[in-house]
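Visitor: Pasting a structure below so you can have a look.
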Amino acid sequence: MSPLAALAAIDAIRAHFAARHAANRETPAIAAELRNILALLETVDFSRADEEYLRPSGHPVVRQLQQTPPQNVDAATGAIFRAFLPQLDALPWRYSYAPRPDAPDIGERMAWAELVGPIAPFRSDKVCLGLTAIGPRLLYPRHYHPAVETYLVVSGAAAWTAAGITRIHPPGALILHPANIVHAMETGDEPLLAAYAWTGDVETLSAYEDDAGAAASHAPGKPNRTEPPPMNRT
(Lines give C-alpha, C1' and ligand atoms only; values in the text may rest on other atoms or scores of the structure.)
Protein backbone atom coordinates (compact mmCIF):
# COMPACT_ATOMS: atom_id res chain seq x y z
CA MET A 1 0.00 0.00 0.00
CA SER A 2 1.38 3.40 -0.88
CA PRO A 3 1.60 6.13 1.77
CA LEU A 4 -0.78 8.29 -0.29
CA ALA A 5 -3.36 5.50 -0.45
CA ALA A 6 -3.02 4.95 3.29
CA LEU A 7 -3.56 8.66 3.92
CA ALA A 8 -6.62 8.67 1.67
CA ALA A 9 -8.12 5.80 3.63
CA ILE A 10 -7.31 7.46 6.96
CA ASP A 11 -8.78 10.75 5.77
CA ALA A 12 -12.01 9.02 4.75
CA ILE A 13 -12.44 7.60 8.27
CA ARG A 14 -11.50 10.88 9.95
CA ALA A 15 -13.94 12.82 7.77
CA HIS A 16 -16.74 10.42 8.64
CA PHE A 17 -16.02 10.63 12.36
CA ALA A 18 -15.88 14.43 12.16
CA ALA A 19 -19.19 14.60 10.29
CA ARG A 20 -20.88 12.29 12.77
CA HIS A 21 -19.60 14.35 15.67
CA ALA A 22 -20.69 17.63 14.05
CA ALA A 23 -24.19 16.28 13.39
CA ASN A 24 -24.68 16.03 17.17
CA ARG A 25 -26.91 12.98 16.91
CA GLU A 26 -24.80 10.39 18.73
CA THR A 27 -25.11 9.34 22.34
CA PRO A 28 -23.06 11.46 24.76
CA ALA A 29 -20.58 8.60 25.25
CA ILE A 30 -20.01 8.07 21.52
CA ALA A 31 -19.82 11.82 20.88
CA ALA A 32 -17.19 12.21 23.58
CA GLU A 33 -15.12 9.33 22.21
CA LEU A 34 -15.33 10.62 18.64
CA ARG A 35 -14.05 13.97 19.91
CA ASN A 36 -11.24 12.17 21.73
CA ILE A 37 -10.26 10.15 18.65
CA LEU A 38 -10.20 13.21 16.42
CA ALA A 39 -8.10 15.17 18.92
CA LEU A 40 -5.59 12.34 19.28
CA LEU A 41 -5.30 11.94 15.51
CA GLU A 42 -4.27 15.60 15.37
CA THR A 43 -1.16 14.64 17.35
CA VAL A 44 -0.04 12.03 14.78
CA ASP A 45 2.75 12.91 12.37
CA PHE A 46 1.31 12.10 8.95
CA SER A 47 4.20 13.74 7.07
CA ARG A 48 6.11 10.47 6.79
CA ALA A 49 5.20 6.80 6.90
CA ASP A 50 7.18 3.77 7.98
CA GLU A 51 6.78 1.77 4.79
CA GLU A 52 7.84 -1.46 6.54
CA TYR A 53 4.29 -1.53 7.90
CA LEU A 54 2.70 -0.87 4.51
CA ARG A 55 3.88 -4.12 2.94
CA PRO A 56 1.02 -6.31 1.67
CA SER A 57 0.60 -9.35 3.89
CA GLY A 58 -1.08 -11.69 1.43
CA HIS A 59 -3.54 -12.64 4.15
CA PRO A 60 -6.22 -15.13 3.01
CA VAL A 61 -8.99 -12.88 4.37
CA VAL A 62 -8.63 -10.94 1.10
CA ARG A 63 -9.85 -13.99 -0.82
CA GLN A 64 -12.82 -14.20 1.55
CA LEU A 65 -13.75 -10.65 0.69
CA GLN A 66 -13.23 -11.16 -3.04
CA GLN A 67 -15.19 -14.40 -3.16
CA THR A 68 -18.11 -12.92 -1.23
CA PRO A 69 -18.01 -9.21 -2.05
CA PRO A 70 -19.84 -7.04 0.46
CA GLN A 71 -23.18 -5.92 -0.93
CA ASN A 72 -24.63 -4.14 2.08
CA VAL A 73 -23.02 -0.68 2.09
CA ASP A 74 -24.52 2.42 3.67
CA ALA A 75 -24.42 5.67 1.71
CA ALA A 76 -22.77 7.38 4.67
CA THR A 77 -19.89 4.91 4.73
CA GLY A 78 -19.51 4.70 0.96
CA ALA A 79 -16.48 7.01 0.89
CA ILE A 80 -14.61 4.75 3.32
CA PHE A 81 -15.62 1.64 1.38
CA ARG A 82 -14.43 3.16 -1.89
CA ALA A 83 -11.14 4.27 -0.29
CA PHE A 84 -10.36 0.77 0.92
CA LEU A 85 -11.86 -1.41 -1.82
CA PRO A 86 -9.06 -0.97 -4.41
CA GLN A 87 -6.48 -1.47 -1.65
CA LEU A 88 -7.64 -4.76 -0.17
CA ASP A 89 -4.76 -6.75 -1.66
CA ALA A 90 -2.25 -4.09 -0.63
CA LEU A 91 -3.25 -3.69 3.01
CA PRO A 92 -0.99 -5.03 5.79
CA TRP A 93 -3.54 -7.51 7.15
CA ARG A 94 -2.52 -9.57 10.14
CA TYR A 95 -3.98 -12.00 12.63
CA SER A 96 -1.91 -13.05 15.58
CA TYR A 97 -4.05 -14.67 18.22
CA ALA A 98 -2.74 -18.03 19.30
CA PRO A 99 -4.57 -20.99 17.70
CA ARG A 100 -7.95 -21.97 19.11
CA PRO A 101 -8.89 -25.66 19.09
CA ASP A 102 -12.57 -24.72 18.68
CA ALA A 103 -11.87 -22.50 15.65
CA PRO A 104 -8.83 -23.90 13.82
CA ASP A 105 -9.33 -21.77 10.69
CA ILE A 106 -10.18 -18.46 12.33
CA GLY A 107 -6.73 -17.05 11.56
CA GLU A 108 -7.42 -17.38 7.84
CA ARG A 109 -10.90 -15.90 7.97
CA MET A 110 -10.41 -12.68 9.89
CA ALA A 111 -7.71 -10.03 10.19
CA TRP A 112 -7.09 -6.35 10.78
CA ALA A 113 -5.06 -3.78 8.91
CA GLU A 114 -3.76 -1.03 11.15
CA LEU A 115 -2.74 2.31 9.68
CA VAL A 116 -2.24 4.37 12.85
CA GLY A 117 -0.83 2.88 16.05
CA PRO A 118 2.28 1.56 17.79
CA ILE A 119 3.18 -0.86 14.97
CA ALA A 120 1.52 0.97 12.08
CA PRO A 121 2.87 3.07 9.21
CA PHE A 122 1.85 6.21 11.07
CA ARG A 123 3.06 5.81 14.63
CA SER A 124 1.10 6.68 17.73
CA ASP A 125 1.13 5.35 21.28
CA LYS A 126 -2.15 7.11 22.03
CA VAL A 127 -4.57 6.13 19.27
CA CYS A 128 -5.02 3.32 16.77
CA LEU A 129 -6.98 3.44 13.54
CA GLY A 130 -7.52 0.72 10.99
CA LEU A 131 -9.88 -1.76 9.38
CA THR A 132 -11.16 -5.13 10.57
CA ALA A 133 -12.35 -7.82 8.17
CA ILE A 134 -14.33 -10.89 9.25
CA GLY A 135 -15.32 -13.51 6.70
CA PRO A 136 -18.84 -14.91 6.33
CA ARG A 137 -20.39 -17.14 8.97
CA LEU A 138 -17.65 -16.63 11.51
CA LEU A 139 -17.66 -15.96 15.25
CA TYR A 140 -14.99 -13.68 16.66
CA PRO A 141 -15.05 -15.14 20.20
CA ARG A 142 -15.66 -13.23 23.41
CA HIS A 143 -12.66 -11.12 24.33
CA TYR A 144 -11.75 -7.93 26.16
CA HIS A 145 -9.00 -5.32 26.41
CA PRO A 146 -8.32 -2.16 28.43
CA ALA A 147 -8.40 0.10 25.38
CA VAL A 148 -11.61 1.94 24.62
CA GLU A 149 -12.74 0.71 21.20
CA THR A 150 -14.98 2.36 18.63
CA TYR A 151 -16.17 0.45 15.58
CA LEU A 152 -17.81 1.90 12.49
CA VAL A 153 -19.54 -0.72 10.35
CA VAL A 154 -18.47 0.02 6.77
CA SER A 155 -20.13 -2.88 4.96
CA GLY A 156 -21.94 -6.03 5.86
CA ALA A 157 -24.01 -6.61 8.98
CA ALA A 158 -23.16 -8.72 11.99
CA ALA A 159 -24.41 -9.65 15.43
CA TRP A 160 -22.44 -7.72 18.05
CA THR A 161 -22.54 -8.90 21.65
CA ALA A 162 -21.34 -6.77 24.55
CA ALA A 163 -22.01 -7.27 28.25
CA GLY A 164 -24.36 -10.12 27.36
CA ILE A 165 -26.56 -8.08 25.00
CA THR A 166 -26.66 -8.93 21.27
CA ARG A 167 -27.69 -6.52 18.52
CA ILE A 168 -27.50 -6.61 14.74
CA HIS A 169 -25.54 -3.56 13.60
CA PRO A 170 -25.83 -2.56 9.92
CA PRO A 171 -23.49 -0.37 7.86
CA GLY A 172 -23.19 3.10 9.33
CA ALA A 173 -23.58 1.90 12.91
CA LEU A 174 -21.14 3.14 15.53
CA ILE A 175 -20.36 0.71 18.34
CA LEU A 176 -18.53 1.77 21.49
CA HIS A 177 -16.80 -0.81 23.67
CA PRO A 178 -15.72 0.70 27.01
CA ALA A 179 -12.50 -0.53 28.55
CA ASN A 180 -12.52 -4.22 29.53
CA ILE A 181 -16.08 -4.92 28.41
CA VAL A 182 -16.45 -8.48 27.11
CA HIS A 183 -17.59 -8.45 23.49
CA ALA A 184 -17.86 -10.66 20.41
CA MET A 185 -18.97 -10.42 16.78
CA GLU A 186 -20.59 -12.98 14.50
CA THR A 187 -21.17 -12.58 10.78
CA GLY A 188 -23.91 -14.07 8.64
CA ASP A 189 -23.73 -14.81 4.93
CA GLU A 190 -21.84 -11.62 4.17
CA PRO A 191 -18.36 -10.57 5.31
CA LEU A 192 -17.92 -7.62 7.62
CA LEU A 193 -15.69 -4.62 7.03
CA ALA A 194 -15.45 -2.23 9.96
CA ALA A 195 -13.19 0.70 10.75
CA TYR A 196 -11.92 0.70 14.32
CA ALA A 197 -10.22 3.10 16.70
CA TRP A 198 -8.51 2.36 20.00
CA THR A 199 -7.75 4.96 22.67
CA GLY A 200 -6.43 4.80 26.21
CA ASP A 201 -4.21 1.79 26.86
CA VAL A 202 -3.35 0.72 23.30
CA GLU A 203 -0.37 -1.31 24.50
CA THR A 204 -1.98 -4.07 26.55
CA LEU A 205 -2.91 -7.41 25.05
CA SER A 206 -6.45 -8.47 24.30
CA ALA A 207 -7.53 -11.64 26.09
CA TYR A 208 -10.15 -14.27 25.37
CA GLU A 209 -12.70 -14.50 28.13
CA ASP A 210 -12.73 -18.30 28.05
CA ASP A 211 -8.98 -18.72 27.51
CA ALA A 212 -9.74 -21.42 24.94
CA GLY A 213 -6.61 -20.51 23.07
CA ALA A 214 -3.73 -18.58 24.53
CA ALA A 215 -4.50 -16.17 27.31
CA ALA A 216 -3.96 -13.18 25.08
CA SER A 217 -3.12 -12.03 21.60
CA HIS A 218 -1.52 -9.19 19.77
CA ALA A 219 -4.72 -7.26 19.24
CA PRO A 220 -5.05 -4.29 16.89
CA GLY A 221 -2.67 -1.66 18.17
CA LYS A 222 -0.56 -3.93 20.35
CA PRO A 223 3.12 -3.75 19.42
CA ASN A 224 5.69 -6.44 19.82
CA ARG A 225 8.76 -4.52 20.90
CA THR A 226 11.30 -7.29 20.32
CA GLU A 227 10.10 -8.90 17.09
CA PRO A 228 8.81 -7.65 13.74
CA PRO A 229 5.03 -7.36 13.47
CA PRO A 230 3.40 -10.72 12.81
CA MET A 231 2.20 -11.11 9.23
CA ASN A 232 0.15 -14.09 8.14
CA ARG A 233 0.93 -15.07 4.55
CA THR A 234 -0.72 -17.50 2.19
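Naming works like this for the C-alpha coordinates: A, B, ... for the chains as they're shown, residue 1 at the start of each chain, ligands 1 onward in shown order.
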Show me, as a list in words, the residues that have an atom within 8 Å of stretch 14-30 of chain A when counting only C-alpha atoms, minus same-chain residues fewer than 5 positions from it.

Guide: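 What passes the distance filter is Arg35, Leu38, Ala76, Thr77, Leu174 and Leu176 of chain A.
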
Visitor: Those residues with N, CA and C atoms, as a CSV table (one decimal), in the first residue's frame please?

Guide:
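And here's result_29.csv as it stands now:
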```csv
chain,number,residue,atom,x,y,z
A,35,ARG,N,-14.8,12.8,19.7
A,35,ARG,CA,-14.0,14.0,19.9
A,35,ARG,C,-12.6,13.6,20.4
A,38,LEU,N,-10.6,12.2,17.4
A,38,LEU,CA,-10.2,13.2,16.4
A,38,LEU,C,-9.1,14.1,17.0
A,76,ALA,N,-23.6,6.6,3.8
A,76,ALA,CA,-22.8,7.4,4.7
A,76,ALA,C,-21.4,6.8,4.8
A,77,THR,N,-21.2,5.5,4.6
A,77,THR,CA,-19.9,4.9,4.7
A,77,THR,C,-19.3,4.6,3.4
A,174,LEU,N,-22.3,2.9,14.7
A,174,LEU,CA,-21.1,3.1,15.5
A,174,LEU,C,-21.3,2.3,16.8
A,176,LEU,N,-19.5,1.4,20.5
A,176,LEU,CA,-18.5,1.8,21.5
A,176,LEU,C,-18.4,0.7,22.5
```

Visitor: Can you write out as a Markdown table which residues of stretch 101-162 of chain A fall within 6 Å of stretch 200-210 of chain A, alongside each residue's closest atom pair and its distance in Å to one decimal, counting only C-alpha atoms and ordering rows by chain and ascending residue number?

Guide:
```
| residue | atom | partner | partner_atom | distance |
| --- | --- | --- | --- | --- |
| A:Arg142 | CA | A:Glu209 | CA | 5.7 |
| A:His143 | CA | A:Tyr208 | CA | 4.2 |
| A:Tyr144 | CA | A:Ala207 | CA | 5.6 |
| A:His145 | CA | A:Ser206 | CA | 4.6 |
| A:Pro146 | CA | A:Asp201 | CA | 5.9 |
| A:Ala147 | CA | A:Asp201 | CA | 4.8 |
```

Visitor: Using only C-alpha atoms, can you tell me which of A:Gly107, A:Gly172, A:Pro3, A:Gly135 comes closest to A:Ile80?

Guide: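 Of all the options, A:Gly172 lies closest to A:Ile80.
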
Visitor: Here is a test: counting only C-alpha atoms, which residue of A:Ala133, A:Leu115, A:Leu192, A:Leu88 is nearest to A:Asp50?

Guide: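 Distance minimum relative to A:Asp50 lands on A:Leu115.
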
Visitor: Which is closest to A:Pro60 among A:Ile106, A:Ile37, A:Val153, A:Val44, if we use only C-alpha atoms?

Guide: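 Selected residue with least distance to A:Pro60: A:Ile106.
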
Visitor: Using only C-alpha atoms, which of the listed residues (A:Ala179, A:Ala32, A:Met110, A:Ala162) sits closest to A:Val148?

Guide: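 Checking each candidate against A:Val148, we get A:Ala179 as the closest.
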
Visitor: Would you please extract all strand (DSSP E or B) residues from stretch 25-222 of chain A, as assigned by DSSP on the backbone, and give them as a PyMOL selection string?

Guide: chain A and resi 73+94+110-117+122-123+127-134+139-144+148-155+158-162+165-169+174-177+183-187+192-199+206-208+217

Visitor: Distance atom CA of A:Leu54-atom CA of A:Asp11, one decimal place?

Guide: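 Taking atom CA of A:Leu54 as the start and atom CA of A:Asp11 as the end point, the length is 16.4 Å.
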
Visitor: For a quick check of understanding, using only C-alpha atoms, which of A:Cys128, A:Ala173, A:Leu193, A:Met185 has the smallest distance to A:Leu40?

Guide: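 Result for the nearest residue to A:Leu40: A:Cys128.
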
Visitor: Hey, which bits of stretch 138-224 of chain A sit within 12 Å of stretch 7-10 of chain A, and for each residue what's the closest pair of atoms and how far apart in Å (one decimal), counting only C-alpha atoms, rows by chain and increasing number, as CSV?

Guide:
```
residue,atom,partner,partner_atom,distance
A:Ala195,CA,A:Ile10,CA,9.7
A:Tyr196,CA,A:Ile10,CA,11.0
A:Ala197,CA,A:Ile10,CA,11.1
```

Visitor: Would you write out those residues with N, CA and C atoms, as a short mmCIF file (atom, residue, chain, number, x, y, z; two decimals), in the first residue's frame?

Guide:
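Final file, part16.cif:
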```cif
data_model
loop_
_atom_site.label_atom_id
_atom_site.label_comp_id
_atom_site.auth_asym_id
_atom_site.auth_seq_id
_atom_site.Cartn_x
_atom_site.Cartn_y
_atom_site.Cartn_z
N ALA A 195 -14.30 -0.14 10.29
CA ALA A 195 -13.19 0.70 10.75
C ALA A 195 -13.19 0.69 12.27
N TYR A 196 -12.00 0.70 12.86
CA TYR A 196 -11.92 0.70 14.32
C TYR A 196 -10.95 1.77 14.79
N ALA A 197 -11.16 2.21 16.01
CA ALA A 197 -10.22 3.10 16.70
C ALA A 197 -10.06 2.59 18.11
#
```
